[in-house]
>>> print(open('input-v5.cif').read())   # mmCIF, C-alpha atoms
data_final
#
loop_
_atom_site.label_atom_id
_atom_site.label_comp_id
_atom_site.auth_asym_id
_atom_site.auth_seq_id
_atom_site.Cartn_x
_atom_site.Cartn_y
_atom_site.Cartn_z
CA MET A 230 80.18 112.98 131.75
CA PRO A 231 81.50 113.15 128.15
CA ASP A 232 79.50 111.33 125.50
CA PRO A 233 81.39 108.04 124.81
CA THR A 234 80.13 108.00 121.21
CA VAL A 235 82.10 111.22 120.71
CA LEU A 236 84.93 110.74 123.21
CA PHE A 237 86.11 107.33 121.98
CA PRO A 238 86.54 108.16 118.26
CA THR A 239 88.03 111.56 119.15
CA VAL A 240 90.65 109.99 121.43
CA LEU A 241 91.38 107.18 118.98
CA GLY A 242 91.78 109.59 116.07
CA SER A 243 94.03 111.85 118.15
CA LEU A 244 96.27 108.92 119.09
CA ALA A 245 96.47 107.85 115.46
CA ALA A 246 97.44 111.39 114.44
CA LEU A 247 100.15 111.49 117.12
CA LEU A 248 101.55 108.20 115.82
CA ARG A 249 101.89 109.70 112.36
CA LEU A 250 103.25 113.09 113.48
CA PRO A 251 106.95 112.05 113.78
CA GLY A 252 106.93 110.67 110.25
CA LEU A 253 105.38 113.88 108.91
CA LEU A 254 107.95 116.03 110.73
CA HIS A 255 110.77 114.03 109.17
CA ASN A 256 109.20 114.09 105.68
CA PRO A 257 106.98 117.19 105.52
CA ARG A 258 106.82 117.10 101.71
CA ASP A 259 105.57 113.52 101.49
CA PRO A 260 102.07 113.81 99.94
CA LEU A 261 100.94 110.46 101.40
CA LEU A 262 101.90 111.44 104.94
CA ARG A 263 100.21 114.81 104.54
CA ALA A 264 97.05 113.15 103.27
CA VAL A 265 97.02 110.71 106.20
CA MET A 266 97.49 113.54 108.71
CA ALA A 267 94.81 115.68 107.04
CA MET A 268 92.39 112.75 107.13
CA LEU A 269 93.03 111.99 110.80
CA VAL A 270 92.86 115.63 111.92
CA SER A 271 89.66 116.25 109.98
CA CYS A 272 88.08 113.09 111.45
CA VAL A 273 88.94 114.30 114.94
CA GLY A 274 87.55 117.72 114.06
CA VAL A 275 84.27 116.23 112.88
CA PHE A 276 83.67 114.31 116.10
CA PHE A 277 84.92 117.06 118.40
CA PHE A 278 83.04 119.98 116.86
CA THR A 279 79.79 118.06 116.39
CA SER A 280 79.52 117.20 120.09
CA VAL A 281 76.63 119.03 121.70
CA PRO A 282 78.66 121.07 124.25
CA VAL A 283 81.04 122.29 121.54
CA VAL A 284 78.15 123.13 119.20
CA ALA A 285 76.55 125.22 121.94
CA LYS A 286 79.86 126.95 122.69
CA VAL A 287 80.48 127.85 119.04
CA ASN A 288 77.00 129.32 118.78
CA GLU A 289 77.59 131.28 121.97
CA LEU A 290 80.98 132.64 120.89
CA THR A 291 79.77 133.74 117.47
CA GLY A 292 76.48 135.12 118.74
CA ILE A 293 74.72 133.53 115.75
CA PRO A 294 72.18 130.77 116.34
CA ASN A 295 73.26 127.56 114.62
CA ALA A 296 76.57 129.03 113.38
CA ALA A 297 78.16 125.71 114.36
CA ALA A 298 76.20 123.96 111.56
CA PRO A 299 78.18 125.26 108.55
CA PHE A 300 81.36 125.05 110.63
CA ASP A 301 80.70 121.35 111.27
CA TYR A 302 79.87 120.83 107.61
CA PHE A 303 83.23 122.36 106.66
CA TRP A 304 84.96 119.76 108.81
CA ALA A 305 82.87 117.01 107.21
CA MET A 306 83.80 118.21 103.70
CA ALA A 307 87.47 118.41 104.70
CA CYS A 308 87.27 114.83 106.00
CA ALA A 309 85.61 113.65 102.80
CA ALA A 310 88.13 115.40 100.53
CA SER A 311 91.18 114.27 102.53
CA GLY A 312 89.92 110.68 102.45
CA ILE A 313 89.71 110.69 98.66
CA VAL A 314 93.12 112.40 98.38
CA LEU A 315 94.56 109.77 100.72
CA VAL A 316 93.40 106.88 98.55
CA ILE A 317 94.60 108.67 95.39
CA ASN A 318 98.09 108.95 96.89
CA TRP A 319 97.92 105.52 98.49
CA ARG A 320 97.29 103.76 95.19
CA GLY A 321 100.15 105.60 93.51
CA GLY A 322 100.72 106.22 89.82
CA PRO A 323 102.31 108.96 87.71
CA PRO A 324 103.02 112.01 89.94
CA GLU A 325 101.35 114.43 87.54
CA ARG A 326 98.16 112.36 87.45
CA ILE A 327 98.12 112.20 91.27
CA ARG A 328 98.57 115.96 91.55
CA ARG A 329 95.84 116.62 88.98
CA ALA A 330 93.35 114.32 90.71
CA THR A 331 94.23 115.83 94.10
CA ARG A 332 93.68 119.39 92.86
CA ARG A 333 90.33 118.47 91.32
CA CYS A 334 89.14 116.82 94.53
CA ILE A 335 90.19 119.74 96.74
CA ALA A 336 88.68 122.27 94.33
CA SER A 337 85.36 120.41 94.21
CA TYR A 338 84.97 120.30 97.96
CA ALA A 339 86.17 123.88 98.35
CA VAL A 340 83.29 124.92 96.06
CA LEU A 341 80.91 122.89 98.23
CA CYS A 342 82.16 124.70 101.35
CA VAL A 343 81.64 128.09 99.70
CA ALA A 344 78.13 127.11 98.62
CA ILE A 345 77.31 125.92 102.16
CA ALA A 346 78.51 129.23 103.62
CA VAL A 347 76.48 131.27 101.10
CA LEU A 348 73.32 129.23 101.68
CA PHE A 349 73.62 129.61 105.47
CA ALA A 350 74.08 133.35 105.10
CA LEU A 351 70.90 133.56 103.01
CA ALA A 352 68.83 131.35 105.33
CA GLU A 353 66.87 132.36 108.38
CA ALA A 354 67.40 129.95 111.29
CA PRO A 355 66.74 131.90 114.51
CA VAL A 356 65.99 128.89 116.73
CA GLU A 357 69.11 127.14 118.03
CA ARG A 358 68.98 123.38 117.47
CA LEU A 359 71.78 121.33 119.04
CA ARG A 360 70.75 117.83 118.00
CA ASP A 361 68.07 117.91 115.31
CA LEU A 362 68.99 120.84 113.08
CA ASP A 363 68.82 118.70 109.91
CA THR A 364 65.20 117.66 110.37
CA TYR A 365 64.01 120.81 112.18
CA TYR A 366 65.00 123.03 109.24
CA ALA A 367 64.26 120.43 106.55
CA ASN A 368 61.63 122.70 104.98
CA THR A 369 63.33 126.06 105.56
CA PRO A 370 64.51 127.78 102.36
CA TYR A 371 68.28 127.79 101.85
CA MET A 372 68.79 125.78 105.05
CA ARG A 373 67.16 122.87 103.25
CA GLU A 374 69.52 123.25 100.27
CA MET A 375 72.54 123.61 102.57
CA ILE A 376 71.70 120.40 104.42
CA VAL A 377 71.10 118.46 101.20
CA LEU A 378 74.33 119.76 99.70
CA TYR A 379 76.29 118.64 102.77
CA LEU A 380 74.71 115.19 102.72
CA VAL A 381 75.36 114.78 98.98
CA GLY A 382 79.04 115.69 99.41
CA HIS A 383 79.46 113.41 102.42
CA THR A 384 77.63 110.43 100.88
CA ALA A 385 79.36 110.78 97.52
CA ALA A 386 82.77 110.77 99.20
CA SER A 387 81.81 107.70 101.25
CA ILE A 388 80.70 105.84 98.11
CA VAL A 389 83.88 106.76 96.26
CA MET A 390 86.08 105.72 99.21
CA ALA A 391 84.25 102.43 99.76
CA SER A 392 84.46 101.63 96.04
CA LEU A 393 88.18 102.48 95.73
CA CYS A 394 89.10 100.55 98.89
CA TRP A 395 87.03 97.54 97.82
CA ARG A 396 88.63 97.37 94.37
CA TRP A 397 92.11 97.74 95.84
CA LEU A 398 91.42 95.22 98.62
CA ARG A 399 91.11 92.40 96.08
CA HIS A 400 94.69 92.91 94.86
CA VAL A 401 96.61 93.12 98.15
CA GLY A 402 97.13 90.97 101.21
CA GLY A 403 98.34 91.01 104.79
CA GLU A 404 97.89 94.03 107.01
CA LEU A 405 97.06 96.30 104.06
CA ARG A 406 94.14 94.07 103.14
CA ALA A 407 92.94 94.07 106.77
CA GLY A 408 93.20 97.86 106.93
CA LEU A 409 91.28 98.29 103.69
CA ALA A 410 88.59 95.86 104.90
CA LEU A 411 88.11 97.99 108.03
CA MET A 412 87.90 101.12 105.90
CA VAL A 413 85.33 99.50 103.60
CA ALA A 414 83.24 98.61 106.66
CA GLY A 415 83.61 102.13 108.06
CA TYR A 416 82.66 103.84 104.83
CA GLY A 417 79.81 101.39 104.38
CA LEU A 418 78.40 102.64 107.69
CA ALA A 419 79.02 106.23 106.54
CA ILE A 420 76.89 105.52 103.47
CA CYS A 421 74.17 104.15 105.74
CA PHE A 422 74.48 107.36 107.79
CA GLY A 423 73.76 109.43 104.69
CA LEU A 424 70.83 107.22 103.66
CA LEU A 425 69.27 107.48 107.13
CA LYS A 426 69.66 111.26 107.07
CA PHE A 427 68.01 111.46 103.64
CA THR A 428 65.21 109.16 104.84
CA ALA A 429 64.53 111.39 107.85
CA LEU A 430 64.55 114.48 105.60
CA GLY A 431 62.19 112.80 103.13
CA ALA A 432 59.85 111.95 105.96
CA ARG A 433 59.81 115.62 107.00
CA TRP A 434 59.11 116.71 103.44
CA SER A 435 56.13 114.33 103.31
CA GLY A 436 54.80 115.48 106.67
CA ALA A 437 55.97 112.51 108.79
CA ASP A 438 58.31 112.52 111.77
CA TRP A 439 61.15 110.01 111.55
CA ASP A 440 63.65 112.25 113.29
CA VAL A 441 64.96 109.38 115.41
CA LEU A 442 66.69 107.99 112.31
CA SER A 443 68.74 111.18 112.08
CA THR A 444 69.28 112.08 115.72
CA GLU A 445 69.85 108.63 117.20
CA VAL A 446 70.50 105.86 114.66
CA ALA A 447 72.63 107.86 112.22
CA ARG A 448 74.66 109.39 115.04
CA ALA A 449 75.34 105.94 116.52
CA LEU A 450 76.59 104.74 113.13
CA THR A 451 79.14 107.56 112.93
CA SER A 452 80.53 106.64 116.35
CA VAL A 453 81.35 103.20 114.92
CA ALA A 454 82.36 104.26 111.42
CA GLY A 455 84.96 106.78 112.61
CA PRO A 456 87.06 104.33 114.68
CA LEU A 457 86.84 101.71 111.92
CA ILE A 458 88.18 104.14 109.32
CA ALA A 459 90.91 105.50 111.62
CA THR A 460 91.99 101.99 112.62
CA GLY A 461 92.02 100.89 108.99
CA MET A 462 94.34 103.74 108.07
CA VAL A 463 96.72 103.25 110.98
CA LEU A 464 96.79 99.44 111.13
CA PRO A 465 99.10 98.83 108.12
CA ILE A 466 101.53 101.52 109.32
CA VAL A 467 101.70 100.21 112.89
CA VAL A 468 102.02 96.56 111.84
CA ARG A 469 104.81 97.32 109.38
CA ARG A 470 106.71 99.37 111.92
CA PHE A 471 106.34 96.68 114.59
CA ARG A 472 107.29 93.93 112.14
CA GLY A 473 110.43 95.81 111.08
CA ARG A 474 111.53 96.31 114.66
CA TRP A 475 110.78 92.70 115.55
CA ARG A 476 112.79 91.53 112.54
CA ASP A 477 115.73 93.74 113.62
CA TRP A 478 115.56 92.46 117.19
CA THR A 479 115.37 88.81 116.09
CA ARG A 480 118.35 89.20 113.77
CA TYR A 481 120.32 91.10 116.42
CA ARG A 482 119.71 88.37 119.01
CA ARG A 483 120.47 85.48 116.64
CA LEU A 484 123.75 87.07 115.52
CA GLU A 485 125.06 87.11 119.10
CA PRO A 486 127.00 83.77 118.95
CA LEU A 487 128.88 84.77 115.80
CA CYS A 488 129.55 88.25 117.18
CA GLN A 489 130.96 86.81 120.42
CA LEU A 490 133.31 84.60 118.41
CA VAL A 491 134.63 87.03 115.79
CA GLY A 492 133.42 90.48 116.89
CA GLY A 493 136.65 91.48 118.61
CA LEU A 494 139.17 89.95 116.20
CA ALA A 495 139.70 93.01 114.01
CA PRO A 496 143.02 94.70 114.89
CA THR A 497 141.40 98.14 114.99
CA PRO A 498 137.70 97.59 115.67
CA ALA A 499 135.48 100.58 115.04
CA ALA A 500 134.86 102.23 118.40
CA VAL A 501 131.48 103.62 117.52
CA SER A 502 129.53 104.69 120.56
CA VAL A 503 125.92 103.59 120.39
CA PRO A 504 123.56 105.82 122.39
CA LEU A 505 121.74 104.22 125.28
CA LEU A 506 118.36 104.82 123.61
CA ALA A 507 119.52 103.79 120.13
CA SER A 508 117.03 101.76 118.15
CA VAL A 509 117.48 98.03 117.77
CA GLY A 510 118.06 98.65 114.08
CA VAL A 511 121.16 100.71 114.86
CA ARG A 512 122.40 98.03 117.25
CA ARG A 513 121.85 95.37 114.61
CA LEU A 514 123.87 97.34 112.07
CA GLN A 515 126.72 97.75 114.56
CA ARG A 516 126.72 94.03 115.34
CA GLU A 517 126.76 93.15 111.65
CA SER A 518 129.64 95.60 111.10
CA LEU A 519 131.67 93.96 113.88
CA ILE A 520 131.01 90.52 112.38
CA HIS A 521 132.06 91.59 108.90
CA ASP A 522 135.25 93.18 110.27
CA GLY A 523 136.01 89.97 112.19
CA LEU A 524 135.41 87.76 109.14
CA LEU A 525 137.62 90.00 107.05
CA THR A 526 140.40 89.59 109.63
CA LEU A 527 139.94 85.82 109.60
CA ASN A 528 139.99 85.61 105.81
CA PRO A 529 143.68 84.56 105.46
CA TYR A 530 143.08 81.72 107.93
CA PHE A 531 140.05 80.22 106.19
CA ASP A 532 140.56 76.63 105.08
CA LEU A 533 138.33 76.15 102.04
CA GLY A 534 139.23 72.48 101.86
CA LEU A 535 137.90 71.99 105.39
CA ARG A 536 134.69 73.75 104.39
CA GLU A 537 134.21 71.51 101.37
CA ARG A 538 134.73 68.36 103.46
CA ALA A 539 132.32 69.57 106.16
CA LEU A 540 129.76 70.44 103.49
CA ALA A 541 130.04 67.01 101.87
CA GLU A 542 129.66 65.27 105.23
CA ALA A 543 126.59 67.34 106.12
CA VAL A 544 124.92 66.65 102.77
CA ALA A 545 125.72 62.96 103.07
CA GLY A 546 124.15 63.02 106.54
CA GLY A 547 120.85 64.26 105.06
CA ALA A 548 121.09 67.97 105.94
CA THR A 549 119.36 70.48 103.67
CA ALA A 550 121.50 72.66 101.43
CA ASP A 551 121.08 75.79 103.56
CA HIS A 552 121.85 74.05 106.84
CA ALA A 553 124.76 72.14 105.31
CA GLU A 554 126.35 75.34 104.00
CA ALA A 555 125.81 77.12 107.31
CA GLY A 556 127.38 74.24 109.23
CA ALA A 557 130.35 74.11 106.84
CA ASP A 558 130.86 77.88 107.19
CA ALA A 559 130.65 77.57 110.97
CA ALA A 560 133.28 74.79 111.00
CA MET A 561 135.58 76.88 108.80
CA VAL A 562 135.17 79.96 111.02
CA LEU A 563 135.87 77.97 114.20
CA ALA A 564 139.00 76.45 112.66
CA ALA A 565 140.13 79.87 111.46
CA VAL A 566 139.72 81.34 114.96
CA GLU A 567 141.83 78.56 116.47
CA THR A 568 144.48 78.96 113.77
CA MET A 569 144.60 82.70 114.32
CA ARG A 570 145.07 82.23 118.07
CA ALA A 571 148.00 79.92 117.28
CA ASP A 572 149.53 82.73 115.23
CA PRO A 573 149.84 85.56 117.79
CA GLU A 574 152.48 87.36 115.74
CA GLY A 575 150.19 87.55 112.72
CA ARG A 576 152.61 85.99 110.29
CA VAL A 577 149.86 84.57 108.10
CA ILE A 578 148.21 87.97 107.80
CA ALA A 579 151.54 89.65 107.10
CA SER A 580 152.36 87.17 104.34
CA SER A 581 148.88 87.26 102.79
CA ARG A 582 148.84 89.26 99.57
CA ALA A 583 145.18 88.97 98.63
CA LEU A 584 141.87 87.90 100.15
CA GLN A 585 140.40 84.53 99.29
CA GLU A 586 137.56 85.49 96.98
CA THR A 587 135.44 82.39 97.54
CA ALA A 588 135.82 82.75 101.28
CA GLY A 589 134.55 86.31 101.24
CA GLU A 590 131.30 85.78 99.36
CA ASP A 591 128.01 86.66 101.01
CA ARG A 592 126.62 84.14 103.48
CA ASP A 593 123.57 83.79 105.65
CA LEU A 594 125.16 85.15 108.81
CA VAL A 595 122.15 84.25 110.94
CA ARG A 596 122.32 80.57 109.97
CA VAL A 597 126.08 80.50 110.55
CA SER A 598 125.58 82.16 113.94
CA GLN A 599 122.92 79.65 114.96
CA ALA A 600 125.16 76.78 113.86
CA LEU A 601 127.87 78.27 116.05
CA ALA A 602 125.62 78.87 119.06
CA PRO A 603 126.55 75.77 121.16
CA THR A 604 130.25 76.04 120.34
CA ALA A 605 130.30 79.79 120.88
CA LYS A 606 128.92 79.37 124.39
CA ARG A 607 131.60 76.82 125.24
CA THR A 608 134.27 79.01 123.68
CA ALA A 609 133.09 82.05 125.60
CA ALA A 610 133.09 80.03 128.85
CA LYS A 611 136.61 78.76 128.17
CA ARG A 612 137.77 82.27 127.34
CA THR A 613 136.29 83.63 130.57
CA ALA A 614 137.89 80.84 132.59
CA ALA A 615 141.24 81.44 130.89
CA GLN A 616 141.03 85.14 131.63
CA ARG A 617 140.23 84.44 135.27
CA THR A 618 143.13 81.97 135.51
CA ALA A 619 145.49 84.48 133.95
CA SER A 620 144.29 87.17 136.37
CA VAL A 621 144.81 84.85 139.34
CA ARG A 622 148.29 83.90 138.15
CA ALA A 623 149.20 87.53 137.60
CA ALA A 624 147.97 88.41 141.08
CA GLU A 625 149.96 85.51 142.58
CA ALA A 626 153.07 86.61 140.68
CA ARG A 627 152.69 90.17 141.95
CA ALA A 628 152.20 88.89 145.50
CA ALA A 629 155.34 86.75 145.19
CA GLU A 630 157.31 89.73 143.98
CA VAL A 631 156.06 91.80 146.93
CA ARG A 632 157.01 89.05 149.38
CA ALA A 633 160.44 88.69 147.83
CA ALA A 634 160.99 92.41 148.01
CA ALA A 635 159.89 92.48 151.63
CA GLU A 636 162.18 89.61 152.56
CA GLY A 637 165.13 91.34 150.83
CA ALA A 638 164.45 94.52 152.71
CA VAL A 639 164.43 92.64 156.05
CA ARG A 640 167.74 91.00 155.27
#
>>> encode(input="input-v5.cif", output="structure tokens")
Amino acid sequence: MPDPTVLFPTVLGSLAALLRLPGLLHNPRDPLLRAVMAMLVSCVGVFFFTSVPVVAKVNELTGIPNAAAPFDYFWAMACAASGIVLVINWRGGPPERIRRATRRCIASYAVLCVAIAVLFALAEAPVERLRDLDTYYANTPYMREMIVLYLVGHTAASIVMASLCWRWLRHVGGELRAGLALMVAGYGLAICFGLLKFTALGARWSGADWDVLSTEVARALTSVAGPLIATGMVLPIVVRRFRGRWRDWTRYRRLEPLCQLVGGLAPTPAAVSVPLLASVGVRRLQRESLIHDGLLTLNPYFDLGLRERALAEAVAGGATADHAEAGADAAMVLAAVETMRADPEGRVIASSRALQETAGEDRDLVRVSQALAPTAKRTAAKRTAAQRTASVRAAEARAAEVRAAAEGAVR
């Protein structure tokens, strides 16, 4: 059975990376998206390649005992560097300063990786250790330096990340603050991981055996720190995406009464086909376009005097300014629709030379739509009933014509 302390963060990190992949494919040159993807992939790599079965397999494939150790350290250094680069890009600033800081960070950790590889090549570690390599070879020349170098790089990156996230956390709010708080907690545990490892190494150097701190306690901390960091990075992105879609859906739904009333009034409505799987944002834009076209058609019929009277009555009745204006606009739109229906030949439109500027100014369409909601439902019901009555009358007329023709043929 797979180790849950490895499986859970690996799966969570993989899901987070998959969530970010579409954005990266659409904007492959975005440095922030690349940093996020590098961070997530390297986190997954750390957990996957440090699992005991994978460590044993890497050693077997290479034919070198403990070859998985420097390989795992490379993943850890990549994770540390990508985390710092992510925060550098996340905080923003002059592009040249961001690029300079990014290059310095990558160069520093690349040098660490080279040093780790050289030290492993110089060391003698013939006994394969799958779980306790750090403490087993704590006193072995070159292996000792390699392990210390890895821990210094990892702990330094954790301290830098925790410090940067903590300082930034105090200046933001909402989901970004929550995400940064999770990252601070995760990197705090990563710092504890490094301290426990150093404590176990120090015990070995002094002749004691505190290996459990390295093999059990520190490993358990990483299984918690990884998901916290991954969740902290993904949380702001997911919340913002969900909030945007919810906002689009809410606006789309609340615009329905106004769209039902004026959406089909334009003489040549745009026949734009919306795909079945189109996003709610696209559908919202189409609905808003239909409403604007309908209001533009109604413009010559708007009675601004009626609007002013309705506004004054609403204010006198104690309505707030926003609700009073929305109600006045709704009354004007309803009156304009009725007037337009009484002008089937479009004489008013034909005689209109210019649009009424004050009637075409921007309005809160959602408030107007909600003010229209009860009336729009009644209007839609009346329209449906009228259409049914007209259909019935047309069918009766056709039937009468058929009967008359049949009777004439018999005669």
>>> atom_distance(input="input-v5.cif", atom1="atom CA of A:Thr239", atom2="atom CA of A:Pro257")
24.0 Å
>>> closest_residue(input="input-v5.cif", among="A:Ala264, A:Leu450, A:Leu514, A:Met412", to="A:Arg480", atoms="only C-alpha atoms")
A:Leu514
>>> residues_near_point(input="input-v5.cif", point="(68.1, 114.7, 119.1)", cutoff="7 Å", atoms="only C-alpha atoms", output="MDAnalysis selection string")
chainID A and resid 360:361 444:445
>>> atom_distance(input="input-v5.cif", atom1="atom CA of A:Cys394", atom2="atom CA of A:Met462")
11.0 Å
>>> resolve_selection(input="input-v5.cif", expression="the PyMOL selection byres ((chain A and resi 563-569) around 10)", output="ChimeraX atom specification")
/A:487,490-491,494,523-524,526-532,535-536,557-562,570-578,601,604-605,608
>>> atom_distance(input="input-v5.cif", atom1="atom CA of A:Val314", atom2="atom CA of A:Val270")
13.9 Å
>>> resolve_selection(input="input-v5.cif", expression="the PyMOL selection byres ((chain A and resi 380-390) around 7)", output="NGL selection string")
:A and (305-306 or 309 or 313 or 376-379 or 391-394 or 416 or 419-420 or 423)
>>> write_last_selection(input="input-v5.cif", atoms="C-alpha atoms", output="PDB file, in the frame of the given file")
ATOM      1  CA  ALA A 305      82.870 117.010 107.210  1.00  0.00           C
ATOM      2  CA  MET A 306      83.800 118.210 103.700  1.00  0.00           C
ATOM      3  CA  ALA A 309      85.610 113.650 102.800  1.00  0.00           C
ATOM      4  CA  ILE A 313      89.710 110.690  98.660  1.00  0.00           C
ATOM      5  CA  ILE A 376      71.700 120.400 104.420  1.00  0.00           C
ATOM      6  CA  VAL A 377      71.100 118.460 101.200  1.00  0.00           C
ATOM      7  CA  LEU A 378      74.330 119.760  99.700  1.00  0.00           C
ATOM      8  CA  TYR A 379      76.290 118.640 102.770  1.00  0.00           C
ATOM      9  CA  ALA A 391      84.250 102.430  99.760  1.00  0.00           C
ATOM     10  CA  SER A 392      84.460 101.630  96.040  1.00  0.00           C
ATOM     11  CA  LEU A 393      88.180 102.480  95.730  1.00  0.00           C
ATOM     12  CA  CYS A 394      89.100 100.550  98.890  1.00  0.00           C
ATOM     13  CA  TYR A 416      82.660 103.840 104.830  1.00  0.00           C
ATOM     14  CA  ALA A 419      79.020 106.230 106.540  1.00  0.00           C
ATOM     15  CA  ILE A 420      76.890 105.520 103.470  1.00  0.00           C
ATOM     16  CA  GLY A 423      73.760 109.430 104.690  1.00  0.00           C
TER      17      GLY A 423
END
>>> closest_residue(input="input-v5.cif", among="A:Val511, A:Ile327, A:Leu244, A:Cys488", to="A:Arg474", atoms="all atoms listed in the file")
A:Val511
>>> closest_residue(input="input-v5.cif", among="A:Asp363, A:Asp593, A:Glu374, A:Glu325", to="A:Asp440", atoms="all atoms listed in the file")
A:Asp363
>>> resolve_selection(input="input-v5.cif", expression="the PyMOL selection byres ((chain A and resi 426) around 9)", output="number ranges by chain")
A: 363-364, 380, 421-425, 427-431, 440, 442-444, 447
>>> closest_residue(input="input-v5.cif", among="A:Pro260, A:Gly473, A:Pro355, A:Gly242", to="A:Ile293", atoms="only C-alpha atoms")
A:Pro355
>>> residues_around(input="input-v5.cif", residues="A:Ser452", least_positions_apart="4", cutoff="12 Å", atoms="only C-alpha atoms", output="PDB file with C-alpha atoms, in the coordinates of the input")
ATOM      1  CA  ASP A 232      79.500 111.330 125.500  1.00  0.00           C
ATOM      2  CA  PRO A 233      81.390 108.040 124.810  1.00  0.00           C
ATOM      3  CA  THR A 234      80.130 108.000 121.210  1.00  0.00           C
ATOM      4  CA  VAL A 235      82.100 111.220 120.710  1.00  0.00           C
ATOM      5  CA  LEU A 236      84.930 110.740 123.210  1.00  0.00           C
ATOM      6  CA  PHE A 237      86.110 107.330 121.980  1.00  0.00           C
ATOM      7  CA  PRO A 238      86.540 108.160 118.260  1.00  0.00           C
ATOM      8  CA  THR A 239      88.030 111.560 119.150  1.00  0.00           C
ATOM      9  CA  VAL A 240      90.650 109.990 121.430  1.00  0.00           C
ATOM     10  CA  LEU A 241      91.380 107.180 118.980  1.00  0.00           C
ATOM     11  CA  GLY A 242      91.780 109.590 116.070  1.00  0.00           C
ATOM     12  CA  CYS A 272      88.080 113.090 111.450  1.00  0.00           C
ATOM     13  CA  VAL A 273      88.940 114.300 114.940  1.00  0.00           C
ATOM     14  CA  VAL A 275      84.270 116.230 112.880  1.00  0.00           C
ATOM     15  CA  PHE A 276      83.670 114.310 116.100  1.00  0.00           C
ATOM     16  CA  PHE A 277      84.920 117.060 118.400  1.00  0.00           C
ATOM     17  CA  THR A 279      79.790 118.060 116.390  1.00  0.00           C
ATOM     18  CA  SER A 280      79.520 117.200 120.090  1.00  0.00           C
ATOM     19  CA  GLY A 415      83.610 102.130 108.060  1.00  0.00           C
ATOM     20  CA  LEU A 418      78.400 102.640 107.690  1.00  0.00           C
ATOM     21  CA  ALA A 419      79.020 106.230 106.540  1.00  0.00           C
ATOM     22  CA  PHE A 422      74.480 107.360 107.790  1.00  0.00           C
ATOM     23  CA  GLU A 445      69.850 108.630 117.200  1.00  0.00           C
ATOM     24  CA  VAL A 446      70.500 105.860 114.660  1.00  0.00           C
ATOM     25  CA  ALA A 447      72.630 107.860 112.220  1.00  0.00           C
ATOM     26  CA  ARG A 448      74.660 109.390 115.040  1.00  0.00           C
ATOM     27  CA  PRO A 456      87.060 104.330 114.680  1.00  0.00           C
ATOM     28  CA  LEU A 457      86.840 101.710 111.920  1.00  0.00           C
ATOM     29  CA  ILE A 458      88.180 104.140 109.320  1.00  0.00           C
ATOM     30  CA  ALA A 459      90.910 105.500 111.620  1.00  0.00           C
TER      31      ALA A 459
END
>>> axis_aligned_box(input="input-v5.cif", around="stretch 474-489 of chain A", padding_each_side="3 Å", output="lines of an AutoDock Vina configuration file")
center_x = 120.9
center_y = 90.0
center_z = 116.5
size_x = 26.2
size_y = 18.5
size_z = 13.9
